[in-house]
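Following: one structure in structure tokens, then a few remarks.
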Amino acid sequence: MQHTQEAQLTQLPPPEPEALALSRQLLGQIRQAAGADGLLPFDRFMELALYAPGLGYYANGLETFGAAGDFITAPELSPLFGRCLARQTAEVLEAMGGGDVLEFGAGSGRLALDLLAELDRLGQLPRRYCILELSARLRAQQQALLGRQRPDLYPRLNWLERLPEGFCGVMLANEVVDAMPVSRFCLPPPTPAAAPMPPPLEQFVDLRRDAPQLCWRPLTSPGLAEPLTHLTRRYRLAAGYESEINLRAGAWLEALGQSLRRGLLLIIDYGYNGQEFYHPQRRQGSLICHYRHRAHDDPLLWPGLQDISANVDFSALAEAASAAGFDSQAFTSQAYFLLANGIQQLIEPADGPRRVVDLQAVKQLTLPNEMGERFKVLGLGKGLDRLPQGFALRSYAL
């Protein structure tokens, strides 16, 4: 992946002066984190760019979601998404004789609002609806929205600082894993031709100049060498291949496996199984940045003012989940998951005022060239007696 900062500056709308000042302040903090050699592993740069307290993209108070932000998530697109998730949640809670719901990274709070409202209509409200949110700004936004829209359900809401013990119910992670910091690697070509394949390289951010630059250096990040060797052999990656690997998802799933005693974890995100993730055609990786509803490939542009994310390797998640104690797995597309949970039955009747809006939303959520195939759903269970209904239409290979 090449750094194309000058080109991006000419194509994207410039930030406001206050936002630029915030970005410069964050860049200063990133330079301090780099230390004496001025080099910072990419995953650490991504972590600071997104989550540095008070300055990172998800922590600085600037608008991120919706029309005024940088991208629109499925819950912001239509309440039909949350209503379908509620139907899946209701099925699990009913089979368990009750339980709680835990949402990770609840964004604006829209998914929680729609899901609780539908569970109320279905007569299957959880004992508690818990939210684990890292951003103080988003937490306040969620509390304001839910308190204003559904004060009757507000007593069921709990904002947590850490994972609960002995959790029973449904855990929801919608567009959470793609925002985890990733390490980037490349397999350099042999030189000269008779020499063996040189060792893989890790991507760093070089902060020794006024403008940060991306560069490749020998591996230094702990825990990177072994999984990289494994996936290079497994997927027969060729010289010149570069991509991402998420070293943090395994520890996250291990913690969730310890927290969840019985129930279902739903991970909804854009990505592929491992074979597709590391396909030869994807030889420059899947890292993508979003700024003012424009996608581009420069993660160094205006730190703290743009989203940086990577597609999810669902095969790696499934393997980590097995090691973490989850005893069942199911994998499908968002389209099949929503259809299996009755999205078509939730569309307004022919004489309803929202029918046209609902039809358009269903297209965006389910069509293959929209979100339907790009987004996948991974269901990880513990102690469940049957396959959740959202995976009944079709299950994909992991």
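Quick note on naming: the chains in the structure tokens go A, B, ... in the order shown, residues restart at 1 in each chain, and ligands are numbered from 1 in order of appearance.
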
If you take only C-alpha atoms and a cut-off of 9 Å, which residues of range 280-386 of chain A touch range 81-86 of chain A, and what are their nearest atom pairs and distances in Å to one decimal, in chain and number order, as CSV?
residue,atom,partner,partner_atom,distance
A:Phe337,CA,A:Cys84,CA,8.5
A:Leu338,CA,A:Cys84,CA,6.0
A:Leu339,CA,A:Cys84,CA,8.5
A:Ala340,CA,A:Cys84,CA,8.8
A:Asn341,CA,A:Cys84,CA,5.4
A:Gly342,CA,A:Cys84,CA,6.7
A:Ile343,CA,A:Cys84,CA,6.2
A:Leu346,CA,A:Arg83,CA,8.2
A:Val362,CA,A:Phe81,CA,8.8
A:Leu365,CA,A:Phe81,CA,7.9

Residues as selected, N, CA and C atoms, written as a compact mmCIF listing (two decimals), in the first residue's frame, can you do that?
# COMPACT_ATOMS: atom_id res chain seq x y z
N PHE A 337 -28.87 -13.74 7.14
CA PHE A 337 -29.21 -13.60 8.55
C PHE A 337 -30.47 -12.75 8.72
N LEU A 338 -30.55 -11.62 8.03
CA LEU A 338 -31.72 -10.75 8.15
C LEU A 338 -32.96 -11.39 7.56
N LEU A 339 -32.80 -12.08 6.43
CA LEU A 339 -33.95 -12.75 5.82
C LEU A 339 -34.47 -13.86 6.73
N ALA A 340 -33.56 -14.61 7.36
CA ALA A 340 -33.98 -15.68 8.26
C ALA A 340 -34.68 -15.14 9.51
N ASN A 341 -34.38 -13.89 9.85
CA ASN A 341 -35.03 -13.28 11.01
C ASN A 341 -36.22 -12.40 10.61
N GLY A 342 -36.72 -12.59 9.39
CA GLY A 342 -38.00 -12.01 9.00
C GLY A 342 -37.99 -10.56 8.59
N ILE A 343 -36.92 -10.07 7.97
CA ILE A 343 -36.91 -8.65 7.60
C ILE A 343 -38.01 -8.32 6.59
N LEU A 346 -41.23 -7.44 8.19
CA LEU A 346 -41.24 -6.20 8.95
C LEU A 346 -41.45 -4.96 8.08
N VAL A 362 -34.14 -2.27 2.94
CA VAL A 362 -33.95 -3.71 2.76
C VAL A 362 -32.99 -3.98 1.62
N LEU A 365 -29.47 -3.24 2.87
CA LEU A 365 -29.02 -4.18 3.90
C LEU A 365 -28.78 -5.59 3.37

In range 44-225 of chain A, what's strand (DSSP E or B) per DSSP? Answer as a PyMOL selection string? chain A and resi 65+71+100-104+129-132+157-160+167-174+183-186+201-206+213-218

Open item on the list: Here is a test: counting only C-alpha atoms, which residue of A:Pro368, A:Pro196, A:Gly107, A:Gly383 is nearest to Val92 in chain A?
Closed with: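 The shortest atom-to-atom distance to Val92 in chain A comes from A:Gly383.
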
inquiry  = Calculated over only C-alpha atoms, which of the candidates A:Phe104, A:Tyr154, A:Tyr241, A:Phe391 has the smallest distance to Ala117 in chain A?
reply    =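 Checking each of A:Phe104, A:Tyr154, A:Tyr241, A:Phe391 against Ala117 in chain A, counting only C-alpha atoms, the winner is A:Tyr154.
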
*In Å to one decimal, how far is CA of Ile268 in chain A from CA of Arg148 in chain A?*
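These atoms are spaced 27.3 Å apart.
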
So that I can check the secondary structure, give me every residue of range 254-317 of chain A assigned alpha helix (DSSP H) by backbone DSSP, as a list in words.
Glu254, Ala255, Leu256, Gly257, Gln258, Ser259, Gly274, Gln275, Glu276, Phe277, Phe314, Ser315, Ala316 and Leu317 of chain A

- Message: What's around Ala59 in chain A at 6 Å? Count only C-alpha atoms, leave out sequence neighbours fewer than 6 positions away in its own chain, and write the answer as a PyMOL selection string.
- Response: chain A and resi 51+53+135

Min atom-atom distance to Phe42 in chain A from the set A:Leu260, A:Ala238, A:Ala255, A:Ile30, counting only C-alpha atoms, belongs to A:Ile30

Non-local contacts of Ser221 in chain A (9 Å; only C-alpha atoms; under 5 positions in same chain excluded) as a list in words =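 After dropping sequence-adjacent residues, the list is Pro41, Ser183 and Glu202 of chain A.
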
Serialized selection, C-alpha atoms, as a CSV table (one decimal), in the first residue's frame:
chain,number,residue,atom,x,y,z
A,41,PRO,CA,4.6,-0.2,14.7
A,183,SER,CA,-0.4,-5.3,12.3
A,202,GLU,CA,6.4,-5.4,9.5

(Q) Applying 10 Å and only C-alpha atoms, which residues near Tyr270 in chain A remain after dropping the ones on its own chain fewer than 4 positions away? List them as a list of chain:residue names. (A)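 Here the qualifying residues turn out to be A:Asn174, A:Glu175, A:Val177, A:Asp178, A:Ala310, A:Asn311, A:Val312, A:Asp313, A:Phe314, A:Ser333, A:Gln334, A:Met371, A:Gly372, A:Glu373, A:Arg374, A:Phe375, A:Lys376, A:Val377.
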
Would you export the selected residues with N, CA and C atoms as a PDB file, in the first residue's frame, please?
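In the end it all went to again_1.pdb:
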ATOM      1  N   ASN A 174     -21.438  -5.352  16.814  1.00  0.00           N
ATOM      2  CA  ASN A 174     -21.700  -4.883  15.460  1.00  0.00           C
ATOM      3  C   ASN A 174     -20.632  -3.864  15.067  1.00  0.00           C
ATOM      4  N   GLU A 175     -19.862  -4.198  14.050  1.00  0.00           N
ATOM      5  CA  GLU A 175     -18.761  -3.350  13.565  1.00  0.00           C
ATOM      6  C   GLU A 175     -17.826  -2.952  14.708  1.00  0.00           C
ATOM      7  N   VAL A 177     -14.967  -5.479  15.546  1.00  0.00           N
ATOM      8  CA  VAL A 177     -13.678  -6.105  15.262  1.00  0.00           C
ATOM      9  C   VAL A 177     -12.920  -5.352  14.180  1.00  0.00           C
ATOM     10  N   ASP A 178     -13.619  -4.787  13.197  1.00  0.00           N
ATOM     11  CA  ASP A 178     -12.922  -4.067  12.121  1.00  0.00           C
ATOM     12  C   ASP A 178     -12.166  -2.849  12.634  1.00  0.00           C
ATOM     13  N   ALA A 310     -10.000  -2.381   9.066  1.00  0.00           N
ATOM     14  CA  ALA A 310      -9.572  -3.474   8.193  1.00  0.00           C
ATOM     15  C   ALA A 310     -10.654  -4.534   8.172  1.00  0.00           C
ATOM     16  N   ASN A 311     -10.785  -5.218   7.053  1.00  0.00           N
ATOM     17  CA  ASN A 311     -11.729  -6.318   6.963  1.00  0.00           C
ATOM     18  C   ASN A 311     -11.387  -7.387   8.002  1.00  0.00           C
ATOM     19  N   VAL A 312     -12.369  -8.181   8.348  1.00  0.00           N
ATOM     20  CA  VAL A 312     -12.233  -9.185   9.406  1.00  0.00           C
ATOM     21  C   VAL A 312     -11.958 -10.560   8.798  1.00  0.00           C
ATOM     22  N   ASP A 313     -10.979 -11.251   9.351  1.00  0.00           N
ATOM     23  CA  ASP A 313     -10.715 -12.649   9.013  1.00  0.00           C
ATOM     24  C   ASP A 313     -11.561 -13.512   9.951  1.00  0.00           C
ATOM     25  N   PHE A 314     -12.725 -13.949   9.461  1.00  0.00           N
ATOM     26  CA  PHE A 314     -13.654 -14.688  10.314  1.00  0.00           C
ATOM     27  C   PHE A 314     -13.154 -16.093  10.641  1.00  0.00           C
ATOM     28  N   SER A 333     -24.003 -14.756   5.679  1.00  0.00           N
ATOM     29  CA  SER A 333     -23.966 -13.357   5.253  1.00  0.00           C
ATOM     30  C   SER A 333     -25.026 -12.560   5.999  1.00  0.00           C
ATOM     31  N   GLN A 334     -24.856 -11.254   6.013  1.00  0.00           N
ATOM     32  CA  GLN A 334     -25.873 -10.397   6.633  1.00  0.00           C
ATOM     33  C   GLN A 334     -27.212 -10.559   5.939  1.00  0.00           C
ATOM     34  N   MET A 371     -24.749  -4.072   1.217  1.00  0.00           N
ATOM     35  CA  MET A 371     -24.175  -4.613   2.449  1.00  0.00           C
ATOM     36  C   MET A 371     -24.433  -6.107   2.629  1.00  0.00           C
ATOM     37  N   GLY A 372     -25.289  -6.684   1.787  1.00  0.00           N
ATOM     38  CA  GLY A 372     -25.776  -8.041   2.031  1.00  0.00           C
ATOM     39  C   GLY A 372     -24.711  -9.103   2.069  1.00  0.00           C
ATOM     40  N   GLU A 373     -23.735  -9.059   1.146  1.00  0.00           N
ATOM     41  CA  GLU A 373     -22.671 -10.062   1.101  1.00  0.00           C
ATOM     42  C   GLU A 373     -21.368  -9.542   1.697  1.00  0.00           C
ATOM     43  N   ARG A 374     -21.163  -8.258   1.638  1.00  0.00           N
ATOM     44  CA  ARG A 374     -19.917  -7.705   2.195  1.00  0.00           C
ATOM     45  C   ARG A 374     -19.855  -7.909   3.704  1.00  0.00           C
ATOM     46  N   PHE A 375     -21.002  -7.791   4.357  1.00  0.00           N
ATOM     47  CA  PHE A 375     -21.071  -7.997   5.810  1.00  0.00           C
ATOM     48  C   PHE A 375     -21.436  -9.438   6.107  1.00  0.00           C
ATOM     49  N   LYS A 376     -20.775  -9.990   7.117  1.00  0.00           N
ATOM     50  CA  LYS A 376     -21.022 -11.366   7.532  1.00  0.00           C
ATOM     51  C   LYS A 376     -21.444 -11.385   8.999  1.00  0.00           C
ATOM     52  N   VAL A 377     -22.022 -12.525   9.406  1.00  0.00           N
ATOM     53  CA  VAL A 377     -22.449 -12.713  10.794  1.00  0.00           C
ATOM     54  C   VAL A 377     -21.853 -14.020  11.294  1.00  0.00           C
TER      55      VAL A 377
END

Taking a cut-off of 6 Å and counting only C-alpha atoms, can you build a table that, for each residue of range 218-335 of chain A near range 186-192 of chain A, reports the nearest atom pair and how far apart they are in Å (one decimal), sorted by chain then residue number, as JSON lines?
{"residue": "A:Ala239", "atom": "CA", "partner": "A:Pro189", "partner_atom": "CA", "distance": 4.7}
{"residue": "A:Gly240", "atom": "CA", "partner": "A:Pro188", "partner_atom": "CA", "distance": 5.1}
{"residue": "A:Tyr241", "atom": "CA", "partner": "A:Leu187", "partner_atom": "CA", "distance": 5.4}
{"residue": "A:Glu242", "atom": "CA", "partner": "A:Cys186", "partner_atom": "CA", "distance": 4.0}

Same residues, N, CA and C atoms, output as a PDB file, in the first residue's frame:
ATOM      1  N   ALA A 239       5.577 -14.105  -2.734  1.00  0.00           N
ATOM      2  CA  ALA A 239       6.439 -12.937  -2.551  1.00  0.00           C
ATOM      3  C   ALA A 239       5.733 -11.689  -3.076  1.00  0.00           C
ATOM      4  N   GLY A 240       5.889 -10.592  -2.342  1.00  0.00           N
ATOM      5  CA  GLY A 240       5.239  -9.346  -2.711  1.00  0.00           C
ATOM      6  C   GLY A 240       3.881  -9.138  -2.074  1.00  0.00           C
ATOM      7  N   TYR A 241       3.385 -10.183  -1.382  1.00  0.00           N
ATOM      8  CA  TYR A 241       2.060 -10.085  -0.757  1.00  0.00           C
ATOM      9  C   TYR A 241       2.150  -9.236   0.508  1.00  0.00           C
ATOM     10  N   GLU A 242       1.170  -8.352   0.699  1.00  0.00           N
ATOM     11  CA  GLU A 242       1.069  -7.599   1.945  1.00  0.00           C
ATOM     12  C   GLU A 242      -0.373  -7.595   2.423  1.00  0.00           C
TER      13      GLU A 242
END
